[in-house]
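Colleague: Could you have a look at this structure, given as structure tokens, before my questions?
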Amino acid sequence: MAIRLAKKIGGKIVNADSMQVYSNLEILTARPSKADHMEVEHLLYGYVNGSERYNVAKWCNDISTVIRQYKKENIPLVIVGGTGMYISSLINGIIDLPSIDETFKKQSYTLLEAIGLENFINKIHTFDSESLKNVSFNDTSRIRRIWEIYYSTGTSLSNWKKKQNKKYIKDFNFKFFLFTPPREKIYQNVNDRFKKMLNNGAIEEVKELLNLKLEQSLPIMRAHGVPEISNFLFKKSSFKECLDKGQQVTRNYVKRQLTWWRSSSLPIDQAFDEFPNDIDENLIKI
């Protein structure tokens with residue numbers, strides 16, 4: 001759909017997926033193919049090394065630069081995701097937090113591993129129970145971030161949120177299109193795609209990633225499929241267990257994303273309950 005739409009309006013495609021930014025994971029993140037790139041220029045895909053702790057603020061800065069550049073040239077952009085929080089942050093801005101020192105990120109990871117999720121959450125309850133109301137307890141990245149912000153800045157995340165958001169784009173006209181096909185159909189796609197990934201090089205891709213011996217708390221090491229394939233490579237699980245678990249964690253993510261979009265207040269122009277491939281691009285009202 002993105003390619004068809006970009007061709008129709010003479011635009012370029014820009015990535016809004018938090019994992020497709022990484023150069024190390026092409027297969028496992030289902031990045032656009034070389035053939036896709038030849039049809040339409042794709043931006044912000046595979047340009048970040050996995051050793052970098054990339055985040056939403058960095059992406060907002062990067063895509064803001066792209067938006068300003070092509071606005072001057074009067075070239076429209078088709079921003080595709082992916083990660084709902086990235087889209088929301090681009091439109092609404094984000095809390096202007098100071099950068100978190102790497103030491104605190106490693107400490108939160110080590111502490112969570114040592115005491116377990118329940119005890120870790122109980123610790124956060126003592127200083128920022130408010131922030132815990134807005135996060136899934138399955139989302140350990142956001143749970144850890146609440147801890148990191150408090151211990152690195154001395155101020156809770158809930159108090160930081162009371163400050164003015166940092167805005168990234170101004171005078172930017174956009175149309176918002178949301179595609180939410182039936183959950184069971186997405187689940188089937190997830191199951192088929194993960195199996196295909198394992199058979200088409202994802203295991204070798206993760207093996208190369210592990211050879212880099214990166215810090216385990218880095219975002220790339222938590223990409224869907226990386227922990228599951230890692231366990232298989234370390235002989236902690238069978239191929240069948242790797243396949244089943246990889247499919248399961250991705251389905252869980254689908255469920256969380258659909259819940260997130262249902263509760264979102266983003267200004268959606270058109271919503272479709274089908275897969276984009278099944279929709280005529282002429283139905284998109286630009």
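Here, A, B, ... name the chains of the structure tokens in the order displayed, residue numbers run from 1 inside each chain, and ligands are numbered from 1 in the same displayed order.
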Can you pull out every residue within 12 Å of A:Val78, counting only C-alpha atoms, but drop anything in the same chain fewer than 2 positions away, and send it as a ChimeraX atom specification?
Modeller: /A:1-16,40-43,63,66-67,70,75-76,80-81,174-177,286
Colleague: Save out the residues we just selected, N, CA and C atoms, as a compact mmCIF listing (two decimals), in the first residue's frame.
Modeller:
# COMPACT_ATOMS: atom_id res chain seq x y z
N MET A 1 0.83 -1.21 0.00
CA MET A 1 0.00 0.00 0.00
C MET A 1 0.87 1.26 0.00
N ALA A 2 1.91 1.26 0.86
CA ALA A 2 2.79 2.43 0.94
C ALA A 2 3.45 2.72 -0.40
N ILE A 3 3.90 1.67 -1.07
CA ILE A 3 4.55 1.84 -2.37
C ILE A 3 3.55 2.35 -3.41
N ARG A 4 2.36 1.76 -3.44
CA ARG A 4 1.33 2.20 -4.40
C ARG A 4 0.95 3.65 -4.15
N LEU A 5 0.80 4.00 -2.88
CA LEU A 5 0.39 5.36 -2.54
C LEU A 5 1.50 6.36 -2.87
N ALA A 6 2.76 5.99 -2.53
CA ALA A 6 3.89 6.89 -2.81
C ALA A 6 4.04 7.13 -4.31
N LYS A 7 3.83 6.09 -5.11
CA LYS A 7 3.90 6.25 -6.57
C LYS A 7 2.79 7.18 -7.07
N LYS A 8 1.63 7.02 -6.50
CA LYS A 8 0.49 7.81 -6.93
C LYS A 8 0.71 9.31 -6.68
N ILE A 9 1.32 9.65 -5.52
CA ILE A 9 1.47 11.07 -5.15
C ILE A 9 2.87 11.61 -5.41
N GLY A 10 3.75 10.75 -5.96
CA GLY A 10 5.12 11.18 -6.23
C GLY A 10 5.92 11.42 -4.97
N GLY A 11 5.72 10.53 -3.98
CA GLY A 11 6.38 10.72 -2.68
C GLY A 11 7.44 9.69 -2.37
N LYS A 12 7.96 9.79 -1.15
CA LYS A 12 8.95 8.84 -0.65
C LYS A 12 8.39 8.20 0.62
N ILE A 13 8.93 7.03 0.98
CA ILE A 13 8.46 6.29 2.14
C ILE A 13 9.46 6.46 3.29
N VAL A 14 8.93 6.70 4.50
CA VAL A 14 9.78 6.91 5.67
C VAL A 14 9.37 5.92 6.76
N ASN A 15 10.36 5.33 7.40
CA ASN A 15 10.13 4.31 8.42
C ASN A 15 9.72 4.89 9.77
N ALA A 16 8.67 4.28 10.36
CA ALA A 16 8.27 4.63 11.72
C ALA A 16 8.17 3.37 12.59
N VAL A 40 10.46 2.65 -5.01
CA VAL A 40 10.27 3.95 -4.37
C VAL A 40 11.40 4.13 -3.35
N GLU A 41 11.92 5.33 -3.23
CA GLU A 41 12.98 5.58 -2.25
C GLU A 41 12.43 5.43 -0.83
N HIS A 42 13.15 4.64 0.00
CA HIS A 42 12.78 4.41 1.39
C HIS A 42 13.82 5.07 2.30
N LEU A 43 13.35 5.79 3.32
CA LEU A 43 14.25 6.53 4.22
C LEU A 43 14.13 6.04 5.65
N ILE A 63 13.56 12.04 11.94
CA ILE A 63 12.47 12.19 10.97
C ILE A 63 12.10 13.66 10.81
N VAL A 66 14.21 14.92 8.10
CA VAL A 66 13.72 14.44 6.80
C VAL A 66 12.49 15.23 6.36
N ILE A 67 11.56 15.45 7.28
CA ILE A 67 10.33 16.19 6.96
C ILE A 67 10.64 17.60 6.49
N TYR A 70 12.27 17.60 2.85
CA TYR A 70 11.40 17.33 1.71
C TYR A 70 10.23 18.29 1.62
N ILE A 75 8.01 17.65 -1.69
CA ILE A 75 7.85 16.22 -1.96
C ILE A 75 7.10 15.59 -0.78
N PRO A 76 5.95 14.95 -1.02
CA PRO A 76 5.19 14.34 0.08
C PRO A 76 5.87 13.08 0.61
N VAL A 80 5.43 5.22 7.49
CA VAL A 80 4.86 3.89 7.68
C VAL A 80 5.36 3.24 8.97
N GLY A 81 4.43 2.79 9.78
CA GLY A 81 4.78 2.05 10.99
C GLY A 81 3.66 1.09 11.32
N PHE A 174 -0.89 16.79 7.59
CA PHE A 174 -0.83 15.34 7.40
C PHE A 174 -2.22 14.74 7.42
N LYS A 175 -2.33 13.56 6.80
CA LYS A 175 -3.52 12.72 6.88
C LYS A 175 -3.10 11.41 7.55
N PHE A 176 -3.97 10.91 8.41
CA PHE A 176 -3.64 9.73 9.22
C PHE A 176 -4.55 8.57 8.82
N PHE A 177 -3.95 7.46 8.39
CA PHE A 177 -4.70 6.29 7.97
C PHE A 177 -4.33 5.09 8.85
N ILE A 286 -6.76 11.68 0.05
CA ILE A 286 -5.61 12.55 0.37
C ILE A 286 -6.02 14.01 0.23
Colleague: Find the spatial neighbours of A:Asn189, counting only C-alpha atoms, within a cut-off of 12 Å - ignore same-chain residues fewer than 6 positions away - and output them as an MDAnalysis selection string.
Modeller: chainID A and resid 181:183 195:197 247 250:251 254 275
Colleague: Dump C-alpha atoms for the selected residues as a PDB file, in the first residue's frame?
Modeller:
ATOM      1  CA  PRO A 181      -7.526  -6.099  10.286  1.00  0.00           C
ATOM      2  CA  PRO A 182      -9.243  -8.816  12.382  1.00  0.00           C
ATOM      3  CA  ARG A 183      -6.934 -10.042  15.121  1.00  0.00           C
ATOM      4  CA  LYS A 195       8.119 -19.617  10.330  1.00  0.00           C
ATOM      5  CA  LYS A 196       9.176 -18.260   6.947  1.00  0.00           C
ATOM      6  CA  MET A 197      11.768 -15.993   8.621  1.00  0.00           C
ATOM      7  CA  GLN A 247       5.094 -16.747  17.265  1.00  0.00           C
ATOM      8  CA  THR A 250       4.699 -11.572  18.425  1.00  0.00           C
ATOM      9  CA  ARG A 251       1.001 -12.381  18.802  1.00  0.00           C
ATOM     10  CA  VAL A 254      -0.178  -7.601  18.204  1.00  0.00           C
ATOM     11  CA  PHE A 275      -5.062  -5.516   5.378  1.00  0.00           C
TER      12      PHE A 275
END
Colleague: Tell me which protein, DNA and RNA residues are within 10 Å of A:Ile143, counting only C-alpha atoms, leaving out same-chain ones fewer than 5 positions away, and put them as number ranges by chain.
Modeller: A: 108, 112, 117, 120-121, 124, 131-132, 135-138, 148
Colleague: If we count only C-alpha atoms, what is near A:Glu130 at a cut-off of 12 Å, once residues fewer than 6 positions away on the same chain are taken out, given as a PyMOL selection string?
Modeller: chain A and resi 121+124+146+156-161
Colleague: Go ahead and dump the residues you just picked, C-alpha atoms, as a CSV table (one decimal), in the first residue's frame.
Modeller:
chain,number,residue,atom,x,y,z
A,121,ILE,CA,7.4,-3.4,40.2
A,124,ILE,CA,8.7,1.3,41.7
A,146,ILE,CA,10.3,4.4,35.1
A,156,SER,CA,9.6,10.6,39.0
A,157,LEU,CA,8.4,10.1,35.4
A,158,SER,CA,4.9,11.2,36.5
A,159,ASN,CA,6.3,14.5,37.6
A,160,TRP,CA,8.3,14.9,34.4
A,161,LYS,CA,5.1,14.4,32.5
Colleague: Enter the distance from atom CA of A:Asn92 to atom CA of A:Tyr168, in Å, rounded to one decimal.
Modeller: 8.2 Å
Colleague: Which residues, written as a PyMOL selection string, have at least one atom at most 8 Å from A:Cys60, with only C-alpha atoms counted and residues fewer than 3 positions away on the same chain left out?
Modeller: chain A and resi 56-57+63-64+86+89-90+168
Colleague: Output C-alpha atoms for every residue in the selection just made, as a PDB file, in the first residue's frame.
Modeller:
ATOM      1  CA  VAL A  56      11.899   7.565  20.205  1.00  0.00           C
ATOM      2  CA  ALA A  57      13.562  10.943  20.864  1.00  0.00           C
ATOM      3  CA  ILE A  63      12.474  12.187  10.973  1.00  0.00           C
ATOM      4  CA  SER A  64      12.016  15.913  11.719  1.00  0.00           C
ATOM      5  CA  TYR A  86       6.720   6.828  17.575  1.00  0.00           C
ATOM      6  CA  SER A  89       5.437  11.325  19.789  1.00  0.00           C
ATOM      7  CA  LEU A  90       6.027  12.876  16.370  1.00  0.00           C
ATOM      8  CA  TYR A 168       9.170  18.219  16.820  1.00  0.00           C
TER       9      TYR A 168
END
Colleague: Taking only stretch 84-204 of chain A into account, list the residues labelled helix (DSSP H, G or I) by DSSP (computed from the backbone), as a ChimeraX atom specification.
Modeller: /A:84-92,102-115,117-132,140-153,157-160,183-199,202-204
Colleague: Write the residues of the selection above to a file with C-alpha atoms, as a PDB file, in the first residue's frame.
Modeller:
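selection_23.pdb, written as the output of this step:
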ATOM      1  CA  GLY A  84       2.402   3.628  17.646  1.00  0.00           C
ATOM      2  CA  MET A  85       4.388   5.480  20.269  1.00  0.00           C
ATOM      3  CA  TYR A  86       6.720   6.828  17.575  1.00  0.00           C
ATOM      4  CA  ILE A  87       3.807   8.227  15.568  1.00  0.00           C
ATOM      5  CA  SER A  88       2.181   9.694  18.671  1.00  0.00           C
ATOM      6  CA  SER A  89       5.437  11.325  19.789  1.00  0.00           C
ATOM      7  CA  LEU A  90       6.027  12.876  16.370  1.00  0.00           C
ATOM      8  CA  ILE A  91       2.549  14.420  16.334  1.00  0.00           C
ATOM      9  CA  ASN A  92       2.144  15.362  20.010  1.00  0.00           C
ATOM     10  CA  GLU A 102      24.209   4.085  30.397  1.00  0.00           C
ATOM     11  CA  THR A 103      25.102   3.063  33.968  1.00  0.00           C
ATOM     12  CA  PHE A 104      21.482   3.365  35.106  1.00  0.00           C
ATOM     13  CA  LYS A 105      20.230   1.372  32.101  1.00  0.00           C
ATOM     14  CA  LYS A 106      22.590  -1.474  32.967  1.00  0.00           C
ATOM     15  CA  GLN A 107      21.639  -1.264  36.649  1.00  0.00           C
ATOM     16  CA  SER A 108      17.914  -1.520  35.901  1.00  0.00           C
ATOM     17  CA  TYR A 109      18.479  -4.533  33.654  1.00  0.00           C
ATOM     18  CA  THR A 110      20.672  -6.281  36.235  1.00  0.00           C
ATOM     19  CA  LEU A 111      18.273  -5.537  39.099  1.00  0.00           C
ATOM     20  CA  LEU A 112      15.238  -6.798  37.177  1.00  0.00           C
ATOM     21  CA  GLU A 113      17.054 -10.011  36.305  1.00  0.00           C
ATOM     22  CA  ALA A 114      18.166 -10.475  39.935  1.00  0.00           C
ATOM     23  CA  ILE A 115      14.904  -9.838  41.826  1.00  0.00           C
ATOM     24  CA  LEU A 117       9.494  -8.528  37.693  1.00  0.00           C
ATOM     25  CA  GLU A 118       7.062  -8.572  40.643  1.00  0.00           C
ATOM     26  CA  ASN A 119       9.656  -7.334  43.147  1.00  0.00           C
ATOM     27  CA  PHE A 120      10.947  -4.773  40.656  1.00  0.00           C
ATOM     28  CA  ILE A 121       7.424  -3.377  40.209  1.00  0.00           C
ATOM     29  CA  ASN A 122       6.935  -3.295  43.990  1.00  0.00           C
ATOM     30  CA  LYS A 123      10.055  -1.117  44.275  1.00  0.00           C
ATOM     31  CA  ILE A 124       8.666   1.318  41.696  1.00  0.00           C
ATOM     32  CA  HIS A 125       5.383   1.494  43.641  1.00  0.00           C
ATOM     33  CA  THR A 126       7.281   3.170  46.491  1.00  0.00           C
ATOM     34  CA  PHE A 127       8.237   6.209  44.396  1.00  0.00           C
ATOM     35  CA  ASP A 128       6.060   6.325  41.239  1.00  0.00           C
ATOM     36  CA  SER A 129       2.918   4.208  41.414  1.00  0.00           C
ATOM     37  CA  GLU A 130       1.219   6.772  39.143  1.00  0.00           C
ATOM     38  CA  SER A 131       3.356   5.846  36.128  1.00  0.00           C
ATOM     39  CA  LEU A 132       2.613   2.154  36.615  1.00  0.00           C
ATOM     40  CA  THR A 140       9.628  -4.519  30.743  1.00  0.00           C
ATOM     41  CA  SER A 141      11.327  -1.787  28.697  1.00  0.00           C
ATOM     42  CA  ARG A 142       8.864   0.855  29.890  1.00  0.00           C
ATOM     43  CA  ILE A 143       8.850  -0.575  33.427  1.00  0.00           C
ATOM     44  CA  ARG A 144      12.637  -0.252  33.582  1.00  0.00           C
ATOM     45  CA  ARG A 145      12.485   3.264  32.176  1.00  0.00           C
ATOM     46  CA  ILE A 146      10.311   4.423  35.100  1.00  0.00           C
ATOM     47  CA  TRP A 147      13.029   3.165  37.468  1.00  0.00           C
ATOM     48  CA  GLU A 148      15.867   4.669  35.388  1.00  0.00           C
ATOM     49  CA  ILE A 149      14.318   8.129  35.182  1.00  0.00           C
ATOM     50  CA  TYR A 150      13.726   8.319  38.919  1.00  0.00           C
ATOM     51  CA  TYR A 151      17.193   7.134  39.946  1.00  0.00           C
ATOM     52  CA  SER A 152      19.080   9.121  37.304  1.00  0.00           C
ATOM     53  CA  THR A 153      17.215  12.421  37.697  1.00  0.00           C
ATOM     54  CA  LEU A 157       8.385  10.090  35.441  1.00  0.00           C
ATOM     55  CA  SER A 158       4.884  11.167  36.494  1.00  0.00           C
ATOM     56  CA  ASN A 159       6.300  14.528  37.632  1.00  0.00           C
ATOM     57  CA  TRP A 160       8.324  14.914  34.433  1.00  0.00           C
ATOM     58  CA  ARG A 183      -6.934 -10.042  15.121  1.00  0.00           C
ATOM     59  CA  GLU A 184      -7.203 -13.721  14.167  1.00  0.00           C
ATOM     60  CA  LYS A 185      -6.118 -12.930  10.609  1.00  0.00           C
ATOM     61  CA  ILE A 186      -3.124 -10.979  11.904  1.00  0.00           C
ATOM     62  CA  TYR A 187      -2.250 -13.918  14.184  1.00  0.00           C
ATOM     63  CA  GLN A 188      -2.258 -16.250  11.186  1.00  0.00           C
ATOM     64  CA  ASN A 189       0.019 -13.877   9.276  1.00  0.00           C
ATOM     65  CA  VAL A 190       2.337 -13.681  12.306  1.00  0.00           C
ATOM     66  CA  ASN A 191       2.562 -17.477  12.564  1.00  0.00           C
ATOM     67  CA  ASP A 192       3.255 -17.906   8.846  1.00  0.00           C
ATOM     68  CA  ARG A 193       5.745 -15.058   8.655  1.00  0.00           C
ATOM     69  CA  PHE A 194       7.841 -16.075  11.665  1.00  0.00           C
ATOM     70  CA  LYS A 195       8.119 -19.617  10.330  1.00  0.00           C
ATOM     71  CA  LYS A 196       9.176 -18.260   6.947  1.00  0.00           C
ATOM     72  CA  MET A 197      11.768 -15.993   8.621  1.00  0.00           C
ATOM     73  CA  LEU A 198      13.357 -18.941  10.438  1.00  0.00           C
ATOM     74  CA  ASN A 199      13.642 -20.820   7.153  1.00  0.00           C
ATOM     75  CA  ALA A 202      16.763 -15.247  10.519  1.00  0.00           C
ATOM     76  CA  ILE A 203      18.726 -17.809  12.561  1.00  0.00           C
ATOM     77  CA  GLU A 204      21.977 -16.910  10.788  1.00  0.00           C
TER      78      GLU A 204
END
Colleague: Where does DSSP see strand (DSSP E or B) in stretch 15-154 of chain A, if you list the residues as number ranges by chain?
Modeller: A: 15, 22, 42-43, 48, 77-80, 94-95
Colleague: I need the chosen residues saved as a short mmCIF file (atom, residue, chain, number, x, y, z; two decimals), in the first residue's frame, with C-alpha atoms.
Modeller:
data_model
loop_
_atom_site.label_atom_id
_atom_site.label_comp_id
_atom_site.auth_asym_id
_atom_site.auth_seq_id
_atom_site.Cartn_x
_atom_site.Cartn_y
_atom_site.Cartn_z
CA ASN A 15 10.13 4.31 8.42
CA TYR A 22 18.67 -1.33 12.75
CA HIS A 42 12.78 4.41 1.39
CA LEU A 43 14.25 6.53 4.22
CA VAL A 48 21.41 2.50 12.92
CA LEU A 77 6.18 11.60 2.49
CA VAL A 78 4.39 8.35 3.34
CA ILE A 79 5.37 7.58 6.94
CA VAL A 80 4.86 3.89 7.68
CA ILE A 94 7.41 14.05 24.08
CA ILE A 95 8.61 14.93 27.54
#
Colleague: Find the residues near A:Val206: any atom within 10 Å, counting only C-alpha atoms, skip ones fewer than 6 places away on the same chain, and give them as a list of chain:residue names.
Modeller: A:Asn24, A:Leu25, A:Ile27, A:Leu28, A:Met221, A:Gly225, A:Val226, A:Pro227, A:Glu228, A:Ile229, A:Ser230, A:Leu233
Colleague: Create the file for the chosen residues now, containing N, CA and C atoms and written as a short mmCIF file (atom, residue, chain, number, x, y, z; two decimals), in the first residue's frame.
Modeller:
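Wrote again25.cif, looks like this:
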data_model
loop_
_atom_site.label_atom_id
_atom_site.label_comp_id
_atom_site.auth_asym_id
_atom_site.auth_seq_id
_atom_site.Cartn_x
_atom_site.Cartn_y
_atom_site.Cartn_z
N ASN A 24 21.45 -4.37 11.56
CA ASN A 24 21.80 -5.76 11.85
C ASN A 24 20.65 -6.74 11.65
N LEU A 25 19.42 -6.24 11.63
CA LEU A 25 18.26 -7.14 11.52
C LEU A 25 17.40 -6.76 10.32
N ILE A 27 16.07 -9.43 8.05
CA ILE A 27 15.07 -10.48 7.87
C ILE A 27 14.07 -10.48 9.03
N LEU A 28 14.59 -10.44 10.25
CA LEU A 28 13.74 -10.60 11.43
C LEU A 28 12.80 -9.42 11.64
N MET A 221 18.53 -6.29 21.22
CA MET A 221 18.59 -7.64 21.79
C MET A 221 17.23 -8.11 22.29
N GLY A 225 11.86 -12.24 18.44
CA GLY A 225 12.57 -13.33 17.79
C GLY A 225 14.01 -13.46 18.24
N VAL A 226 14.65 -12.36 18.64
CA VAL A 226 16.06 -12.44 19.02
C VAL A 226 16.26 -13.30 20.27
N PRO A 227 15.53 -13.06 21.38
CA PRO A 227 15.72 -13.93 22.55
C PRO A 227 15.37 -15.39 22.26
N GLU A 228 14.31 -15.61 21.48
CA GLU A 228 13.87 -16.97 21.20
C GLU A 228 14.88 -17.73 20.33
N ILE A 229 15.40 -17.06 19.30
CA ILE A 229 16.41 -17.69 18.44
C ILE A 229 17.72 -17.86 19.20
N SER A 230 18.03 -16.89 20.06
CA SER A 230 19.25 -16.99 20.88
C SER A 230 19.21 -18.24 21.75
N LEU A 233 19.96 -21.19 19.64
CA LEU A 233 21.39 -21.27 19.28
C LEU A 233 22.25 -21.71 20.47
#
Colleague: Which is closer to A:Asp273 than all the others in A:Ser238, A:Thr65, A:Thr180, A:Asn231, using only C-alpha atoms?
Modeller: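 Among A:Ser238, A:Thr65, A:Thr180, A:Asn231, it is A:Thr180 that comes nearest to A:Asp273.
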Colleague: What does the distance from atom CA of A:Asn173 to atom CA of A:Ile268 come to in Å, to one decimal?
Modeller: 13.1 Å
